[in-house]
>>> print(open('coords_2.cif').read())   # mmCIF, C-alpha atoms
data_final
#
loop_
_atom_site.group_PDB
_atom_site.id
_atom_site.type_symbol
_atom_site.label_atom_id
_atom_site.label_comp_id
_atom_site.auth_asym_id
_atom_site.auth_seq_id
_atom_site.Cartn_x
_atom_site.Cartn_y
_atom_site.Cartn_z
ATOM 1 C CA MET A 1 1.328 -38.749 -8.187
ATOM 2 C CA ASN A 2 2.986 -35.740 -6.553
ATOM 3 C CA ASN A 3 5.914 -36.680 -4.305
ATOM 4 C CA ARG A 4 6.659 -33.112 -3.276
ATOM 5 C CA SER A 5 6.243 -32.336 0.380
ATOM 6 C CA ASP A 6 4.366 -29.424 1.884
ATOM 7 C CA ILE A 7 7.732 -27.993 3.020
ATOM 8 C CA HIS A 8 9.021 -28.170 -0.545
ATOM 9 C CA ASP A 9 5.962 -26.266 -1.821
ATOM 10 C CA ARG A 10 6.231 -23.616 0.927
ATOM 11 C CA LEU A 11 9.933 -23.129 0.187
ATOM 12 C CA ALA A 12 9.291 -22.669 -3.543
ATOM 13 C CA ALA A 13 6.434 -20.223 -2.930
ATOM 14 C CA SER A 14 8.372 -18.287 -0.270
ATOM 15 C CA LEU A 15 11.421 -17.803 -2.474
ATOM 16 C CA LYS A 16 9.324 -16.650 -5.420
ATOM 17 C CA GLU A 17 7.315 -14.293 -3.192
ATOM 18 C CA ALA A 18 10.506 -12.825 -1.691
ATOM 19 C CA ARG A 19 12.007 -12.265 -5.150
ATOM 20 C CA LYS A 20 8.868 -10.556 -6.445
ATOM 21 C CA ALA A 21 8.508 -8.456 -3.285
ATOM 22 C CA LYS A 22 11.997 -7.088 -3.915
ATOM 23 C CA GLY A 23 11.138 -6.462 -7.574
ATOM 24 C CA LEU A 24 13.973 -8.678 -8.767
ATOM 25 C CA SER A 25 14.118 -10.716 -11.955
ATOM 26 C CA LEU A 26 15.439 -14.273 -12.047
ATOM 27 C CA ASP A 27 18.606 -12.909 -13.674
ATOM 28 C CA ALA A 28 19.109 -10.374 -10.885
ATOM 29 C CA VAL A 29 18.737 -13.038 -8.190
ATOM 30 C CA ALA A 30 21.174 -15.262 -10.076
ATOM 31 C CA ARG A 31 23.767 -12.464 -10.203
ATOM 32 C CA LEU A 32 23.304 -11.586 -6.519
ATOM 33 C CA SER A 33 23.342 -15.163 -5.240
ATOM 34 C CA GLY A 34 25.758 -16.920 -7.580
ATOM 35 C CA VAL A 35 23.047 -19.533 -8.255
ATOM 36 C CA SER A 36 22.260 -20.064 -11.937
ATOM 37 C CA ARG A 37 19.097 -18.507 -13.359
ATOM 38 C CA SER A 38 17.782 -21.915 -14.418
ATOM 39 C CA MET A 39 18.345 -23.335 -10.928
ATOM 40 C CA VAL A 40 16.530 -20.394 -9.303
ATOM 41 C CA SER A 41 13.630 -20.918 -11.715
ATOM 42 C CA GLN A 42 13.516 -24.678 -11.022
ATOM 43 C CA ILE A 43 13.534 -24.094 -7.262
ATOM 44 C CA GLU A 44 10.719 -21.533 -7.518
ATOM 45 C CA ARG A 45 8.644 -23.959 -9.609
ATOM 46 C CA GLY A 46 9.293 -26.716 -7.089
ATOM 47 C CA GLU A 47 11.142 -28.812 -9.654
ATOM 48 C CA SER A 48 14.415 -28.893 -7.733
ATOM 49 C CA SER A 49 15.332 -29.169 -4.064
ATOM 50 C CA PRO A 50 18.150 -26.773 -3.214
ATOM 51 C CA THR A 51 21.135 -27.752 -1.131
ATOM 52 C CA VAL A 52 21.610 -25.925 2.150
ATOM 53 C CA ALA A 53 24.445 -23.919 0.550
ATOM 54 C CA THR A 54 22.250 -22.889 -2.409
ATOM 55 C CA LEU A 55 19.382 -21.984 -0.108
ATOM 56 C CA TRP A 56 21.737 -19.930 2.059
ATOM 57 C CA ASN A 57 23.023 -18.014 -0.990
ATOM 58 C CA LEU A 58 19.460 -17.290 -2.120
ATOM 59 C CA THR A 59 18.315 -16.086 1.292
ATOM 60 C CA GLN A 60 21.341 -13.813 1.566
ATOM 61 C CA ALA A 61 20.704 -12.367 -1.905
ATOM 62 C CA LEU A 62 17.004 -11.820 -1.130
ATOM 63 C CA GLN A 63 17.698 -10.644 2.432
ATOM 64 C CA VAL A 64 15.141 -13.031 3.933
ATOM 65 C CA ASP A 65 15.187 -15.182 7.048
ATOM 66 C CA PHE A 66 16.557 -18.658 6.336
ATOM 67 C CA ALA A 67 14.315 -20.406 8.902
ATOM 68 C CA GLY A 68 11.234 -18.350 8.048
ATOM 69 C CA LEU A 69 11.133 -19.674 4.492
ATOM 70 C CA ILE A 70 9.608 -22.986 5.489
ATOM 71 C CA GLU A 71 7.525 -21.972 8.497
ATOM 72 C CA ARG A 72 3.801 -22.364 8.129
ATOM 73 C CA ARG A 73 2.260 -19.047 7.343
ATOM 74 C CA ALA A 74 -0.759 -17.806 9.173
ATOM 75 C CA GLU A 75 -3.939 -18.068 7.196
ATOM 76 C CA PRO A 76 -5.043 -14.815 5.613
ATOM 77 C CA ARG A 77 -7.103 -12.839 8.063
ATOM 78 C CA ILE A 78 -9.300 -9.824 8.238
ATOM 79 C CA GLU A 79 -7.633 -6.982 10.093
ATOM 80 C CA ILE A 80 -10.086 -4.827 12.027
ATOM 81 C CA VAL A 81 -9.472 -1.298 13.275
ATOM 82 C CA ARG A 82 -12.429 -0.299 15.421
ATOM 83 C CA ALA A 83 -13.772 3.226 14.940
ATOM 84 C CA GLU A 84 -12.562 4.370 18.350
ATOM 85 C CA ALA A 85 -9.066 2.987 17.682
ATOM 86 C CA ALA A 86 -8.427 4.773 14.361
ATOM 87 C CA PRO A 87 -5.913 7.605 14.818
ATOM 88 C CA VAL A 88 -7.491 11.059 14.658
ATOM 89 C CA ILE A 89 -5.613 14.266 13.906
ATOM 90 C CA GLY A 90 -6.732 17.854 13.603
ATOM 91 C CA GLY A 91 -6.529 19.473 10.200
ATOM 92 C CA ARG A 92 -4.455 22.449 9.179
ATOM 93 C CA GLY A 93 -7.274 24.782 10.061
ATOM 94 C CA GLN A 94 -10.029 24.946 12.594
ATOM 95 C CA GLY A 95 -12.991 22.604 12.462
ATOM 96 C CA VAL A 96 -11.523 19.744 10.447
ATOM 97 C CA THR A 97 -11.171 16.237 11.887
ATOM 98 C CA ILE A 98 -9.002 13.746 10.023
ATOM 99 C CA ARG A 99 -9.377 10.055 10.855
ATOM 100 C CA ILE A 100 -6.572 7.903 9.402
ATOM 101 C CA LEU A 101 -7.976 4.741 7.806
ATOM 102 C CA SER A 102 -4.913 3.405 5.976
ATOM 103 C CA PRO A 103 -2.136 1.376 7.633
ATOM 104 C CA ALA A 104 1.103 3.113 8.609
ATOM 105 C CA GLU A 105 3.062 1.236 5.939
ATOM 106 C CA ALA A 106 0.919 2.900 3.216
ATOM 107 C CA VAL A 107 2.120 6.422 4.072
ATOM 108 C CA GLY A 108 3.386 8.196 0.987
ATOM 109 C CA GLU A 109 1.902 5.657 -1.407
ATOM 110 C CA HIS A 110 -1.818 5.190 -0.821
ATOM 111 C CA GLU A 111 -3.282 7.024 2.157
ATOM 112 C CA VAL A 112 -6.976 6.944 3.087
ATOM 113 C CA TYR A 113 -8.676 9.479 5.376
ATOM 114 C CA ASP A 114 -12.163 10.106 6.725
ATOM 115 C CA LEU A 115 -12.599 13.895 6.831
ATOM 116 C CA GLY A 116 -15.130 15.724 8.986
ATOM 117 C CA PHE A 117 -15.783 19.451 8.455
ATOM 118 C CA SER A 118 -17.679 21.852 10.716
ATOM 119 C CA GLU A 119 -19.810 24.564 9.062
ATOM 120 C CA THR A 120 -16.990 26.924 8.086
ATOM 121 C CA ALA A 121 -14.012 24.577 8.142
ATOM 122 C CA LYS A 122 -11.258 24.644 5.547
ATOM 123 C CA LEU A 123 -8.340 22.253 5.072
ATOM 124 C CA VAL A 124 -5.457 24.026 3.321
ATOM 125 C CA SER A 125 -2.513 21.979 2.019
ATOM 126 C CA GLU A 126 0.865 22.874 0.584
ATOM 127 C CA PRO A 127 1.941 21.022 -2.574
ATOM 128 C CA HIS A 128 2.809 17.349 -2.094
ATOM 129 C CA SER A 129 5.374 15.422 -4.187
ATOM 130 C CA PRO A 130 5.345 15.830 -7.981
ATOM 131 C CA GLY A 131 2.566 13.760 -9.546
ATOM 132 C CA CYS A 132 0.612 13.386 -6.298
ATOM 133 C CA ARG A 133 -3.151 13.044 -6.831
ATOM 134 C CA GLU A 134 -6.057 13.154 -4.432
ATOM 135 C CA HIS A 135 -9.459 11.517 -4.824
ATOM 136 C CA LEU A 136 -12.188 13.094 -2.692
ATOM 137 C CA THR A 137 -15.662 11.565 -2.330
ATOM 138 C CA VAL A 138 -18.268 13.578 -0.450
ATOM 139 C CA LEU A 139 -20.387 11.439 1.872
ATOM 140 C CA GLU A 140 -22.474 14.184 3.499
ATOM 141 C CA GLY A 141 -22.953 17.890 2.810
ATOM 142 C CA SER A 142 -21.093 19.946 0.207
ATOM 143 C CA LEU A 143 -17.406 20.725 -0.234
ATOM 144 C CA ARG A 144 -15.441 23.083 -2.466
ATOM 145 C CA VAL A 145 -12.175 21.690 -3.800
ATOM 146 C CA THR A 146 -9.447 23.995 -5.077
ATOM 147 C CA SER A 147 -6.341 22.731 -6.873
ATOM 148 C CA GLY A 148 -4.081 25.476 -8.131
ATOM 149 C CA ALA A 149 -6.356 28.092 -9.728
ATOM 150 C CA GLU A 150 -9.342 25.774 -10.342
ATOM 151 C CA SER A 151 -12.272 25.268 -7.923
ATOM 152 C CA GLN A 152 -15.262 22.931 -8.046
ATOM 153 C CA THR A 153 -18.168 22.337 -5.654
ATOM 154 C CA LEU A 154 -19.160 18.761 -4.836
ATOM 155 C CA ARG A 155 -22.305 17.417 -3.184
ATOM 156 C CA ALA A 156 -22.947 14.077 -1.453
ATOM 157 C CA GLY A 157 -21.989 11.220 -3.770
ATOM 158 C CA ASP A 158 -19.697 13.328 -5.990
ATOM 159 C CA THR A 159 -16.013 12.473 -6.452
ATOM 160 C CA ALA A 160 -13.238 14.855 -7.489
ATOM 161 C CA ARG A 161 -9.828 13.706 -8.712
ATOM 162 C CA TYR A 162 -7.183 16.396 -8.817
ATOM 163 C CA PHE A 163 -3.477 17.094 -8.670
ATOM 164 C CA ALA A 164 -2.174 17.752 -5.173
ATOM 165 C CA ASP A 165 1.344 18.722 -6.236
ATOM 166 C CA ARG A 166 0.259 22.369 -6.112
ATOM 167 C CA PRO A 167 -1.428 24.385 -3.352
ATOM 168 C CA HIS A 168 -4.864 22.892 -2.752
ATOM 169 C CA SER A 169 -7.730 23.091 -0.300
ATOM 170 C CA ILE A 170 -11.043 21.556 0.699
ATOM 171 C CA GLU A 171 -13.701 23.658 2.443
ATOM 172 C CA ALA A 172 -17.214 23.160 3.733
ATOM 173 C CA VAL A 173 -20.019 24.826 1.785
ATOM 174 C CA ASP A 174 -23.473 25.388 3.315
ATOM 175 C CA GLY A 175 -22.841 23.586 6.618
ATOM 176 C CA ALA A 176 -21.015 20.566 7.998
ATOM 177 C CA ALA A 177 -19.694 17.895 5.645
ATOM 178 C CA ARG A 178 -17.957 14.550 5.623
ATOM 179 C CA ALA A 179 -15.782 12.914 2.939
ATOM 180 C CA ILE A 180 -13.330 10.138 2.180
ATOM 181 C CA LEU A 181 -9.960 11.301 0.836
ATOM 182 C CA ILE A 182 -7.449 9.046 -0.921
ATOM 183 C CA VAL A 183 -3.965 10.476 -1.421
ATOM 184 C CA GLN A 184 -1.683 8.741 -3.920
ATOM 185 C CA ASN A 185 2.083 9.210 -4.102
ATOM 186 C CA SER A 186 2.378 12.021 -1.589
#
>>> encode(input="coords_2.cif", output="structure tokens")
Amino acid sequence: MNNRSDIHDRLAASLKEARKAKGLSLDAVARLSGVSRSMVSQIERGESSPTVATLWNLTQALQVDFAGLIERRAEPRIEIVRAEAAPVIGGRGQGVTIRILSPAEAVGEHEVYDLGFSETAKLVSEPHSPGCREHLTVLEGSLRVTSGAESQTLRAGDTARYFADRPHSIEAVDGAARAILIVQNS
């Protein structure tokens, strides 16, 4: 028989989630909070109920809201961004439309764009951060991708993966085109 309450389970899960979200080990949380490593582990496993003082020390170390730890969380949900609500920006060049599909908090890590090219459009980009890569999948038409000194032509259904930490460009070939672009670590 399990005597643990729902609040107890939520508290254990919330503390563990907060620690992992910060990328901290049990040892690091113990050092920051003054609570022993074994106690932190027991609390996260739901094997021990912390005192208010211990809980306060942990929330301060993890920089989380004391009251929010035991609140009921909303059920996971599907977030919808309707086509007309997605932010649209013009490209660095005429005839390119860039629709932003990724959430704002993904900027710099994992960005997703829907690219539309008119017949002669070209999107020219300066180098991004070292190690940045782009993944381009052509949905309609043909595109030429250039990364540094290398160029390749892609047709509908093709995907190119290339370094974007050097000058690079994407241009329409033989008419209008559309693609999905994923930028990692920009």
>>> resolve_selection(input="coords_2.cif", expression="the PyMOL selection byres ((chain A and resi 129) around 9)", output="NGL selection string")
:A and (127-128 or 130-132 or 164-166 or 185-186)
>>> write_last_selection(input="coords_2.cif", atoms="C-alpha atoms", output="CSV table (one decimal), in the coordinates of the input")
chain,number,residue,atom,x,y,z
A,127,PRO,CA,1.9,21.0,-2.6
A,128,HIS,CA,2.8,17.3,-2.1
A,130,PRO,CA,5.3,15.8,-8.0
A,131,GLY,CA,2.6,13.8,-9.5
A,132,CYS,CA,0.6,13.4,-6.3
A,164,ALA,CA,-2.2,17.8,-5.2
A,165,ASP,CA,1.3,18.7,-6.2
A,166,ARG,CA,0.3,22.4,-6.1
A,185,ASN,CA,2.1,9.2,-4.1
A,186,SER,CA,2.4,12.0,-1.6
>>> residues_around(input="coords_2.cif", residues="Ala156 of chain A", least_positions_apart="5", cutoff="10 Å", atoms="only C-alpha atoms", output="mmCIF file with C-alpha atoms, in the coordinates of the input")
data_model
loop_
_atom_site.group_PDB
_atom_site.id
_atom_site.type_symbol
_atom_site.label_atom_id
_atom_site.label_comp_id
_atom_site.auth_asym_id
_atom_site.auth_seq_id
_atom_site.Cartn_x
_atom_site.Cartn_y
_atom_site.Cartn_z
ATOM 1 C CA THR A 137 -15.662 11.565 -2.330
ATOM 2 C CA VAL A 138 -18.268 13.578 -0.450
ATOM 3 C CA LEU A 139 -20.387 11.439 1.872
ATOM 4 C CA GLU A 140 -22.474 14.184 3.499
ATOM 5 C CA GLY A 141 -22.953 17.890 2.810
ATOM 6 C CA SER A 142 -21.093 19.946 0.207
ATOM 7 C CA LEU A 143 -17.406 20.725 -0.234
ATOM 8 C CA ALA A 177 -19.694 17.895 5.645
ATOM 9 C CA ARG A 178 -17.957 14.550 5.623
ATOM 10 C CA ALA A 179 -15.782 12.914 2.939
#
>>> resolve_selection(input="coords_2.cif", expression="the PyMOL selection byres ((chain A and resi 18-32) around 10)", output="JSON list (two decimals) with C-alpha atoms, keeping the file's coordinate frame")
[["chain", "number", "residue", "atom", "x", "y", "z"],
["A", 13, "ALA", "CA", 6.43, -20.22, -2.93],
["A", 14, "SER", "CA", 8.37, -18.29, -0.27],
["A", 15, "LEU", "CA", 11.42, -17.80, -2.47],
["A", 16, "LYS", "CA", 9.32, -16.65, -5.42],
["A", 17, "GLU", "CA", 7.32, -14.29, -3.19],
["A", 33, "SER", "CA", 23.34, -15.16, -5.24],
["A", 34, "GLY", "CA", 25.76, -16.92, -7.58],
["A", 35, "VAL", "CA", 23.05, -19.53, -8.26],
["A", 36, "SER", "CA", 22.26, -20.06, -11.94],
["A", 37, "ARG", "CA", 19.10, -18.51, -13.36],
["A", 38, "SER", "CA", 17.78, -21.92, -14.42],
["A", 39, "MET", "CA", 18.34, -23.34, -10.93],
["A", 40, "VAL", "CA", 16.53, -20.39, -9.30],
["A", 41, "SER", "CA", 13.63, -20.92, -11.72],
["A", 44, "GLU", "CA", 10.72, -21.53, -7.52],
["A", 57, "ASN", "CA", 23.02, -18.01, -0.99],
["A", 58, "LEU", "CA", 19.46, -17.29, -2.12],
["A", 59, "THR", "CA", 18.32, -16.09, 1.29],
["A", 60, "GLN", "CA", 21.34, -13.81, 1.57],
["A", 61, "ALA", "CA", 20.70, -12.37, -1.90],
["A", 62, "LEU", "CA", 17.00, -11.82, -1.13],
["A", 63, "GLN", "CA", 17.70, -10.64, 2.43],
["A", 64, "VAL", "CA", 15.14, -13.03, 3.93],
["A", 69, "LEU", "CA", 11.13, -19.67, 4.49]]
>>> residues_around(input="coords_2.cif", residues="Val183 of chain A", least_positions_apart="2", cutoff="7 Å", atoms="all atoms listed in the file", output="list in words")
His110, Glu111, Val112, Arg133, Glu134, His135, Leu181, Asn185 and Ser186 of chain A
>>> resolve_selection(input="coords_2.cif", expression="the PyMOL selection byres ((chain A and resi 167-172) around 7)", output="PyMOL selection string")
chain A and resi 117+119-127+142-148+164-166+173-177
>>> atom_distance(input="coords_2.cif", atom1="atom CA of Glu79 of chain A", atom2="atom CA of Ser102 of chain A")
11.5 Å
>>> axis_aligned_box(input="coords_2.cif", around="segment 141-151 of chain A", padding_each_side="6 Å", output="AutoDock Vina command-line options")
--center_x -13.5 --center_y 23.0 --center_z -3.8 --size_x 30.9 --size_y 22.2 --size_z 25.2
>>> residues_around(input="coords_2.cif", residues="Pro87 of chain A", least_positions_apart="3", cutoff="8 Å", atoms="only C-alpha atoms", output="list in words")
Arg99, Ile100 and Leu101 of chain A
>>> closest_residue(input="coords_2.cif", among="A:Ala160, A:Ile80, A:Ala67, A:Ile182", to="Asp114 of chain A", atoms="all atoms listed in the file")
A:Ile182
>>> atom_distance(input="coords_2.cif", atom1="atom CA of Asp6 of chain A", atom2="atom CA of Pro50 of chain A")
14.9 Å
>>> closest_residue(input="coords_2.cif", among="A:Thr54, A:Gln94, A:Gln184, A:Thr153", to="Val107 of chain A", atoms="all atoms listed in the file")
A:Gln184
>>> build_atoms(input="coords_2.cif", residues="segment 35-61 of chain A", atoms="N, CA, C and O atoms", output="tab-separated table (two decimals), in the coordinates of the input")
chain	number	residue	atom	x	y	z
A	35	VAL	N	23.79	-18.34	-7.87
A	35	VAL	CA	23.05	-19.53	-8.26
A	35	VAL	C	22.54	-19.28	-9.68
A	35	VAL	O	22.05	-18.20	-9.97
A	36	SER	N	22.65	-20.27	-10.54
A	36	SER	CA	22.26	-20.06	-11.94
A	36	SER	C	20.78	-19.69	-12.06
A	36	SER	O	19.94	-20.09	-11.23
A	37	ARG	N	20.47	-18.94	-13.11
A	37	ARG	CA	19.10	-18.51	-13.36
A	37	ARG	C	18.17	-19.72	-13.49
A	37	ARG	O	17.07	-19.74	-12.95
A	38	SER	N	18.63	-20.73	-14.22
A	38	SER	CA	17.78	-21.92	-14.42
A	38	SER	C	17.53	-22.65	-13.10
A	38	SER	O	16.42	-23.13	-12.86
A	39	MET	N	18.53	-22.68	-12.22
A	39	MET	CA	18.34	-23.34	-10.93
A	39	MET	C	17.35	-22.55	-10.07
A	39	MET	O	16.48	-23.13	-9.43
A	40	VAL	N	17.47	-21.23	-10.06
A	40	VAL	CA	16.53	-20.39	-9.30
A	40	VAL	C	15.11	-20.65	-9.80
A	40	VAL	O	14.19	-20.85	-9.02
A	41	SER	N	14.94	-20.67	-11.12
A	41	SER	CA	13.63	-20.92	-11.72
A	41	SER	C	13.09	-22.30	-11.32
A	41	SER	O	11.92	-22.44	-10.96
A	42	GLN	N	13.94	-23.32	-11.38
A	42	GLN	CA	13.52	-24.68	-11.02
A	42	GLN	C	13.11	-24.76	-9.55
A	42	GLN	O	12.12	-25.42	-9.21
A	43	ILE	N	13.86	-24.09	-8.69
A	43	ILE	CA	13.53	-24.09	-7.26
A	43	ILE	C	12.19	-23.41	-7.03
A	43	ILE	O	11.34	-23.92	-6.31
A	44	GLU	N	11.98	-22.26	-7.69
A	44	GLU	CA	10.72	-21.53	-7.52
A	44	GLU	C	9.52	-22.32	-8.04
A	44	GLU	O	8.41	-22.17	-7.54
A	45	ARG	N	9.73	-23.14	-9.06
A	45	ARG	CA	8.64	-23.96	-9.61
A	45	ARG	C	8.48	-25.26	-8.83
A	45	ARG	O	7.57	-26.04	-9.11
A	46	GLY	N	9.37	-25.49	-7.88
A	46	GLY	CA	9.29	-26.72	-7.09
A	46	GLY	C	9.82	-27.93	-7.82
A	46	GLY	O	9.54	-29.06	-7.44
A	47	GLU	N	10.60	-27.71	-8.86
A	47	GLU	CA	11.14	-28.81	-9.65
A	47	GLU	C	12.51	-29.27	-9.17
A	47	GLU	O	13.03	-30.27	-9.66
A	48	SER	N	13.10	-28.53	-8.24
A	48	SER	CA	14.42	-28.89	-7.73
A	48	SER	C	14.48	-28.56	-6.25
A	48	SER	O	13.95	-27.54	-5.81
A	49	SER	N	15.12	-29.42	-5.49
A	49	SER	CA	15.33	-29.17	-4.06
A	49	SER	C	16.73	-28.59	-3.88
A	49	SER	O	17.72	-29.25	-4.22
A	50	PRO	N	16.83	-27.39	-3.35
A	50	PRO	CA	18.15	-26.77	-3.21
A	50	PRO	C	18.95	-27.39	-2.08
A	50	PRO	O	18.40	-27.88	-1.10
A	51	THR	N	20.26	-27.35	-2.23
A	51	THR	CA	21.14	-27.75	-1.13
A	51	THR	C	21.08	-26.65	-0.08
A	51	THR	O	20.62	-25.54	-0.34
A	52	VAL	N	21.58	-26.93	1.09
A	52	VAL	CA	21.61	-25.92	2.15
A	52	VAL	C	22.45	-24.73	1.70
A	52	VAL	O	22.08	-23.58	1.91
A	53	ALA	N	23.57	-25.00	1.02
A	53	ALA	CA	24.44	-23.92	0.55
A	53	ALA	C	23.72	-23.04	-0.47
A	53	ALA	O	23.80	-21.81	-0.42
A	54	THR	N	23.00	-23.65	-1.39
A	54	THR	CA	22.25	-22.89	-2.41
A	54	THR	C	21.16	-22.07	-1.74
A	54	THR	O	20.98	-20.88	-2.04
A	55	LEU	N	20.44	-22.68	-0.83
A	55	LEU	CA	19.38	-21.98	-0.11
A	55	LEU	C	19.96	-20.81	0.69
A	55	LEU	O	19.38	-19.71	0.70
A	56	TRP	N	21.09	-21.01	1.31
A	56	TRP	CA	21.74	-19.93	2.06
A	56	TRP	C	22.08	-18.77	1.13
A	56	TRP	O	21.82	-17.61	1.44
A	57	ASN	N	22.67	-19.07	-0.03
A	57	ASN	CA	23.02	-18.01	-0.99
A	57	ASN	C	21.79	-17.24	-1.45
A	57	ASN	O	21.82	-16.01	-1.58
A	58	LEU	N	20.69	-17.95	-1.68
A	58	LEU	CA	19.46	-17.29	-2.12
A	58	LEU	C	18.88	-16.40	-1.02
A	58	LEU	O	18.46	-15.27	-1.29
A	59	THR	N	18.88	-16.90	0.20
A	59	THR	CA	18.32	-16.09	1.29
A	59	THR	C	19.16	-14.85	1.55
A	59	THR	O	18.63	-13.79	1.88
A	60	GLN	N	20.47	-14.97	1.39
A	60	GLN	CA	21.34	-13.81	1.57
A	60	GLN	C	21.10	-12.79	0.46
A	60	GLN	O	21.03	-11.58	0.71
A	61	ALA	N	20.95	-13.26	-0.77
A	61	ALA	CA	20.70	-12.37	-1.90
A	61	ALA	C	19.35	-11.66	-1.77
A	61	ALA	O	19.21	-10.49	-2.11
